[in-house]
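Colleague: Quick one: the structure is below, and I'll ask about it shortly.
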Amino acid sequence: MLLAAIGGLPAFAQTSDLVSKSAFRVCADPANLPLSDKFEAGFENKIAELMARELKLPLEYTWYPMATGFIRKTLQANACDVVIGYAQGDEMVLNTNHYYTSGFVLIVPANGPLAGVTAIGDPALKDKRVGVVAGSPPATHMGLHGLLAKAKGYDLMVDRRYQDPAGQMLADLEAGTIDAAILWGPIGGPLVKQSHPDLKATLLLSEPVQPKMFYRITMGVRQGEKVWERKLNSLIRRNQSEINTILSEFGVPLLNDMGTAPLEAAK
């Protein structure tokens, strides 16, 4: 055991040394608005700009679609050093402290009969056709409430350069193909705010059973890079207020750490 531990030390040191000292190297999707795109117009791009500015380093991107193989082809290949938005708890990366918490939103016509719905179990959704990402936590809750028979499923892991499930879902909603849509808040909230003024996004906070309907979002770095993780944690802590401002301005619905209520500071 001692020999194994000693033998592992050089590899750990080498992993830590992979972080660039000359640039803030970000792994990102080139076509994943409102989060990121190659024109650097997403809210994750703005957060990356803030981090690079605080580090006094130029910002560099490695672009790769956020689909199968993303981490392997970017972070693990040492093409870049940080993923700006990554759900807490995923073992493929070492997570920083979370810098925001969000949940899923129900999107409906603002002046329609479903405008007051705040829960998947609301009787008003019975017999309605709801758009949802297949295999997502909301889809499980829809199954518990008998809503899947008429649901329309949309893909999750796609190359957003060629497919746009969230955009198609909202287009279907406006066309009347579906009666309501459920999306991850950091996607649905900004899309509604920026491009769909006749729609309304409502956080779903009333589901009493698992799976959970909220996630804490971190930055992801390579496993073993504890020094880099601590440096990013410090940057997040010192710049949390400005990060919250960026997220709120884009329309990302922010929750408290327990996912039980909107974040007061975001109001």
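Residue numbering restarts at 1 for every chain of the structure tokens, chains are lettered A, B, ... in their displayed order, and ligands are numbered from 1 as they appear.
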Identify, with DSSP run on backbone atoms, the residues in segment 39-234 of chain A assigned to alpha helix (DSSP H), and express the list as a PyMOL selection string.

Modeller: chain A and resi 43-55+70-73+137-144+165-175+185-195+226-234

Colleague: Among the residues of segment 26-85 of chain A, find those DSSP assigns to strand (DSSP E) from the backbone and print them as a ChimeraX atom specification.

Modeller: /A:26-28,31-32,36-37,59-63,82-85

Colleague: Store the residues of this selection in a file with C-alpha atoms, as a short mmCIF file (atom, residue, chain, number, x, y, z; two decimals), in the first residue's frame.

Modeller:
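Saved as part.cif:
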```
data_model
loop_
_atom_site.label_atom_id
_atom_site.label_comp_id
_atom_site.auth_asym_id
_atom_site.auth_seq_id
_atom_site.Cartn_x
_atom_site.Cartn_y
_atom_site.Cartn_z
CA VAL A 26 -12.41 26.81 -21.16
CA CYS A 27 -14.11 23.69 -22.57
CA ALA A 28 -17.45 24.73 -24.11
CA ALA A 31 -23.87 26.04 -30.22
CA ASN A 32 -25.57 25.72 -26.85
CA SER A 36 -22.59 29.11 -24.56
CA ASP A 37 -21.77 29.53 -28.23
CA LEU A 59 -9.62 33.64 -22.36
CA GLU A 60 -9.22 30.69 -24.72
CA TYR A 61 -11.85 28.15 -25.79
CA THR A 62 -11.83 24.55 -26.92
CA TRP A 63 -15.14 23.97 -28.68
CA VAL A 82 -12.38 24.04 -16.87
CA VAL A 83 -16.02 23.44 -17.79
CA ILE A 84 -17.95 26.52 -16.65
CA GLY A 85 -21.24 24.74 -15.93
#
```

Colleague: Would you mind listing what lies within 9 Å of segment 177-190 of chain A as a ChimeraX atom specification, with only C-alpha atoms counted and same-chain residues fewer than 2 positions away left out?

Modeller: /A:33-35,102-109,114,125,128-133,138-139,151-152,166,169-175,192-195,200-203,214,247,249-254

Colleague: Considering only C-alpha atoms, can you say which of A:Pro211, A:Leu263, A:Asn95, A:Gly167 comes closest to His196 of chain A?

Modeller: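 So, comparing all the options, the nearest one is A:Gly167.
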
Colleague: Atom CA of Leu205 of chain A and atom CA of Ala115 of chain A, how far apart in Å?

Modeller: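 Atom CA of Leu205 of chain A lies 15.5 Å from atom CA of Ala115 of chain A.
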
Colleague: Which residues, written as a VMD selection string, have at least one atom at most 12 Å from Trp228 of chain A, with only C-alpha atoms counted and residues fewer than 5 positions away on the same chain left out?

Modeller: chain A and resid 15 to 21 24 55 81 to 82 94 to 96 219 to 223 233 to 235

Colleague: Using only C-alpha atoms, find the one residue out of A:Asn256, A:Gly153, A:Gly146, A:Ser22 that sits nearest to Asn244 of chain A.

Modeller: A:Asn256

Colleague: Record the distance separating atom CA of Thr245 of chain A and atom CA of Tyr99 of chain A, expressed in Å with one decimal.

Modeller: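 Computing it gives 12.0 Å between the two atoms.
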
Colleague: Would you please work out which residue, of A:Ile236, A:Ala261, A:Leu156, A:Leu199, is nearest to Ile47 of chain A when using only C-alpha atoms?

Modeller: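 Nearest to Ile47 of chain A: A:Ile236.
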